[in-house]
Amino acid sequence: MKLCMIGTGYVGLVSGVCFSDVGNIVYCVDKDKKKIDSLNNGIVPIYEPGLEEILKRNRKAKRLFFTSDLNEAVKKSDIVFICVGTPTKKKSNSADLKHVFTVTKQLKKNISKYKIIITKSTVPVTTGDKIEQILRNLKKKKLIDVVSNPEFLREGEAIRDFIYPDRVVIGTDSNKANKILKSLYLPIIKKSSRYFKTSRRGAEMIKYASNAFLATKISYINELANLCEKIGVNIQDISIGMGLDQRIGDRFLRAGPAYGGSCFPKDTRALIDVADKYKTDLSIIKSVIKSNNQRKITLTKRIDKILNNRLKNKNITFLGVTFKPNTDDMREASSIPMINYLNKKGSKIRYYDPSGRKMEFDKLKNVKFYSSISSACIKSDLIIIHTEWNAFKLLDFKKLVKKKNFKVFDMRNIYSRDKMRDLKIDYTSIGR
Ligand code: UGA
């Protein structure tokens with residue numbers, strides 16, 4: 001099939017590359033010409049393991065093309081995926097749909113034979129209705145069906161999530177579109193995943209409901225971790241014990257810093273915004289947002305306490321600053337408010353992240369990037385493991401740090417408390 005992916009962000013690029021790998025011809029479109037130029041030179045703008053290799057393979061096989069010419073790409077395609085960003089609007093909870101609607105308006109002029117228009121971007125319920133309204137003349141002529149097909153990729157695991165999805169959700173009441181999409185997804189859904197067709201609004205809602213639920217699981221375990229610390233119980237045992245109940249499941253029950261990223265914070269806010277418009281109180285999700293904000297404060301206070309409320313001139317090393325491993329994404333990473341606070345209090349921050357230096361900290365005077373774990377740690381009073389990259393899992397802290405009385409705050413519970421005690425390292429972790 002011939003596909004057009006509009007927007008080469010995470011969703012559009014990964015989906016486009018992977019769709020081409022299963023034999024489709026894919027045109028990836030972006031208005032950012034520089035980005036298109038670098039993609040045409042085989043340079044991938046995001047850090048996603050495995051992506052560059054698959055991209056190069058399919059460009060070589062002439063199945064994958066990058067262009068800024070939206071009109072041409074749409075004309076050549078049978079299915080058009082809208083994959084543009086839907087960030088939170090300034091000073092509001094609502095998702096900003098201006099890119100979605102700009103693209104939709106551009107589609108108006110370029111459709112003269114049947115095409116399926118799909119929203120893959122995360123969009124609030126009823127967005128599909130609005131797109132269909134803009135394209136109503138094409139709909140009347142039966143030249144389009146507007147379908148919702150939300151994406152459930154995780155950054156850092158995106159290729160695997162695309163090839164082995166738990167489910168493919170299709171929201172449409174058109175049998176014609178459904179039949180075509182089933183055959184598009186056939187190479188993927190054969191492998192133990194479920195193809196689930198529902199209404200368009202249903203599919204839009206499933207995406208928000210899923211992200212909000214996962215965010216709830218994390219906030220739930222993070223709050224329980226606070227209690228476990230006080231009553232001397234290990235939160236990891238609680239996660240395992242709870243997770244053995246198949247109704248609960250053990251995934252997304254790892255206690256740690258506040259959740260971040262481009263999705264959970266934005267999507268929980270957008271869901272509240274939709275609920276407000278429909279005068280429905282989603283009190284649980286509101287509490288989750290509040291709890292996650294509080295989490296950033298709680299862990300920052302913990303750092304203060306570990307250093308006996310003396311932050312000034314202390315050398316604090318952050319190992320990992322991204323919101324999770326295997327990504328270079330800093331969006332809503334909890335390291336940002338923490339480092340900003342510590343910097344204001346006069347601490348000297350040294351950080352290392354396998355995905356490199358971060359512009360978020362470039363303007364902060366006493367915050368410096370080091371290009372190795374050892375150079376970041378050598379002068380430390382406190383090492384904070386903020387992101388659980390593999391590179392941080394087997395460290396010999398005593399060899400890394402010069403100072404005698406250094407401390408370690410392991411926000412991801414990577415290390416064994418007993419071993420740290422045996423090594424006489426002043427070690428703090430989460431919920432145990
Ligand atoms: C999330 C969802 O997991 C994907 O299914 C969804 O497609 C994506 O959002 C999206 O809407 O596009 P992602 O943001 O890449 O994916 O990251 P996650 O792996 O879900 O992690 C989000 C945050 O939760 C991270 O800060 C992570 O450290 C934290 N987390 C995750 C925990 O603190 N504990 C856990 O047990 C799991």
# chains A, B, ... in the order shown; residues from 1 in each chain; ligands from 1
>>> residues_near_ligand(ligand="ligand 1", cutoff="8 Å", atoms="only C-alpha atoms and all ligand atoms", output="PyMOL selection string")
chain A and resi 11+122+151-158+207-208+210-211+214-215+217-218+222+251-264+267+323-325+333-334+387
>>> write_last_selection(atoms="C-alpha atoms", output="PDB file, in the first residue's frame")
ATOM      1  CA  VAL A  11       5.003   8.724  16.043  1.00  0.00           C
ATOM      2  CA  THR A 122      -3.018  11.829  20.300  1.00  0.00           C
ATOM      3  CA  GLU A 151      -0.348   4.943  18.675  1.00  0.00           C
ATOM      4  CA  PHE A 152       0.898   3.160  21.785  1.00  0.00           C
ATOM      5  CA  LEU A 153       4.668   3.353  21.209  1.00  0.00           C
ATOM      6  CA  ARG A 154       7.023   3.942  24.107  1.00  0.00           C
ATOM      7  CA  GLU A 155      10.109   6.015  23.432  1.00  0.00           C
ATOM      8  CA  GLY A 156      13.199   3.856  23.566  1.00  0.00           C
ATOM      9  CA  GLU A 157      11.140   0.732  22.825  1.00  0.00           C
ATOM     10  CA  ALA A 158       9.307   2.138  19.835  1.00  0.00           C
ATOM     11  CA  LYS A 207      -5.619   6.422  24.002  1.00  0.00           C
ATOM     12  CA  TYR A 208      -6.200   9.010  26.726  1.00  0.00           C
ATOM     13  CA  SER A 210      -4.677   4.180  28.689  1.00  0.00           C
ATOM     14  CA  ASN A 211      -2.079   6.862  29.334  1.00  0.00           C
ATOM     15  CA  LEU A 214      -0.616   4.091  33.450  1.00  0.00           C
ATOM     16  CA  ALA A 215       0.130   7.483  35.019  1.00  0.00           C
ATOM     17  CA  LYS A 217      -0.405   3.248  38.434  1.00  0.00           C
ATOM     18  CA  ILE A 218       2.909   5.088  38.755  1.00  0.00           C
ATOM     19  CA  ASN A 222       5.077   6.338  44.294  1.00  0.00           C
ATOM     20  CA  ARG A 251       4.249  -3.473  34.936  1.00  0.00           C
ATOM     21  CA  PHE A 252       4.313   0.257  35.616  1.00  0.00           C
ATOM     22  CA  LEU A 253       4.577  -0.373  39.320  1.00  0.00           C
ATOM     23  CA  ARG A 254       8.200   0.737  39.662  1.00  0.00           C
ATOM     24  CA  ALA A 255       8.463   3.500  42.214  1.00  0.00           C
ATOM     25  CA  GLY A 256      10.774   6.356  41.330  1.00  0.00           C
ATOM     26  CA  PRO A 257      10.795  10.057  40.484  1.00  0.00           C
ATOM     27  CA  ALA A 258       7.759  11.830  39.047  1.00  0.00           C
ATOM     28  CA  TYR A 259       6.730  10.441  35.681  1.00  0.00           C
ATOM     29  CA  GLY A 260       7.649  12.655  32.739  1.00  0.00           C
ATOM     30  CA  GLY A 261       7.886  12.618  28.981  1.00  0.00           C
ATOM     31  CA  SER A 262       5.886  14.073  26.165  1.00  0.00           C
ATOM     32  CA  CYS A 263       2.787  11.985  26.820  1.00  0.00           C
ATOM     33  CA  PHE A 264       1.612  11.275  30.377  1.00  0.00           C
ATOM     34  CA  ASP A 267      -2.441  13.625  28.051  1.00  0.00           C
ATOM     35  CA  PHE A 323      12.754  11.278  31.681  1.00  0.00           C
ATOM     36  CA  LYS A 324      13.587   7.630  31.024  1.00  0.00           C
ATOM     37  CA  PRO A 325      16.444   5.592  29.513  1.00  0.00           C
ATOM     38  CA  ALA A 333      11.919  15.273  32.937  1.00  0.00           C
ATOM     39  CA  SER A 334      11.845  15.600  36.724  1.00  0.00           C
ATOM     40  CA  THR A 387      17.491   7.699  35.047  1.00  0.00           C
TER      41      THR A 387
END
>>> select_by_dssp(residues="range 47-295 of chain A", states="helix (DSSP H, G or I)", output="ChimeraX atom specification")
/A:51-60,70-76,98-110,127-134,136-140,158-163,175-189,200-231,235-243,264-277,283-295
>>> atom_distance(atom1="CA of Gly7 in chain A", atom2="CA of Ile163 in chain A")
20.2 Å
>>> residues_around(residues="Gly16 in chain A", least_positions_apart="3", cutoff="9 Å", atoms="only C-alpha atoms", output="mmCIF file with N, CA, C and O atoms, in the first residue's frame")
data_model
loop_
_atom_site.group_PDB
_atom_site.id
_atom_site.type_symbol
_atom_site.label_atom_id
_atom_site.label_comp_id
_atom_site.auth_asym_id
_atom_site.auth_seq_id
_atom_site.Cartn_x
_atom_site.Cartn_y
_atom_site.Cartn_z
ATOM 1 N N LEU A 3 1.492 4.846 1.576
ATOM 2 C CA LEU A 3 1.121 5.585 2.782
ATOM 3 C C LEU A 3 1.816 6.933 2.837
ATOM 4 O O LEU A 3 2.939 7.076 2.349
ATOM 5 N N CYS A 4 1.117 7.881 3.476
ATOM 6 C CA CYS A 4 1.730 9.184 3.687
ATOM 7 C C CYS A 4 1.675 9.473 5.186
ATOM 8 O O CYS A 4 0.612 9.387 5.796
ATOM 9 N N MET A 5 2.838 9.761 5.790
ATOM 10 C CA MET A 5 2.872 10.102 7.210
ATOM 11 C C MET A 5 3.143 11.604 7.279
ATOM 12 O O MET A 5 4.206 12.061 6.832
ATOM 13 N N THR A 8 7.127 14.152 11.056
ATOM 14 C CA THR A 8 8.171 13.143 11.285
ATOM 15 C C THR A 8 8.707 13.233 12.709
ATOM 16 O O THR A 8 9.909 13.141 12.944
ATOM 17 N N VAL A 11 6.054 9.616 16.535
ATOM 18 C CA VAL A 11 5.003 8.724 16.043
ATOM 19 C C VAL A 11 5.110 8.552 14.528
ATOM 20 O O VAL A 11 5.139 7.430 14.013
ATOM 21 N N GLY A 12 5.204 9.678 13.803
ATOM 22 C CA GLY A 12 5.217 9.614 12.346
ATOM 23 C C GLY A 12 6.448 8.909 11.802
ATOM 24 O O GLY A 12 6.352 8.075 10.896
ATOM 25 N N LEU A 13 7.595 9.219 12.381
ATOM 26 C CA LEU A 13 8.843 8.660 11.857
ATOM 27 C C LEU A 13 8.926 7.160 12.138
ATOM 28 O O LEU A 13 9.192 6.360 11.231
ATOM 29 N N PHE A 19 6.367 0.790 8.828
ATOM 30 C CA PHE A 19 5.420 0.394 7.780
ATOM 31 C C PHE A 19 6.173 0.084 6.487
ATOM 32 O O PHE A 19 5.803 -0.831 5.747
ATOM 33 N N SER A 20 7.227 0.850 6.199
ATOM 34 C CA SER A 20 7.969 0.586 4.963
ATOM 35 C C SER A 20 8.703 -0.751 5.081
ATOM 36 O O SER A 20 8.848 -1.484 4.113
ATOM 37 N N ASP A 21 9.115 -1.081 6.288
ATOM 38 C CA ASP A 21 9.871 -2.313 6.495
ATOM 39 C C ASP A 21 9.021 -3.570 6.245
ATOM 40 O O ASP A 21 9.558 -4.629 5.975
ATOM 41 N N VAL A 26 6.222 4.290 1.571
ATOM 42 C CA VAL A 26 5.859 5.310 2.558
ATOM 43 C C VAL A 26 6.509 6.664 2.231
ATOM 44 O O VAL A 26 7.715 6.736 2.005
ATOM 45 N N TYR A 27 5.671 7.693 2.207
ATOM 46 C CA TYR A 27 6.162 9.066 2.035
ATOM 47 C C TYR A 27 6.032 9.758 3.377
ATOM 48 O O TYR A 27 4.924 9.904 3.893
ATOM 49 N N CYS A 28 7.161 10.140 3.959
ATOM 50 C CA CYS A 28 7.128 10.874 5.231
ATOM 51 C C CYS A 28 7.283 12.359 4.928
ATOM 52 O O CYS A 28 8.244 12.768 4.268
ATOM 53 N N LEU A 64 10.960 3.989 1.122
ATOM 54 C CA LEU A 64 10.779 5.041 2.117
ATOM 55 C C LEU A 64 11.332 6.363 1.587
ATOM 56 O O LEU A 64 12.493 6.437 1.186
#
>>> atom_distance(atom1="CA of Ser287 in chain A", atom2="CA of Ser219 in chain A")
9.1 Å
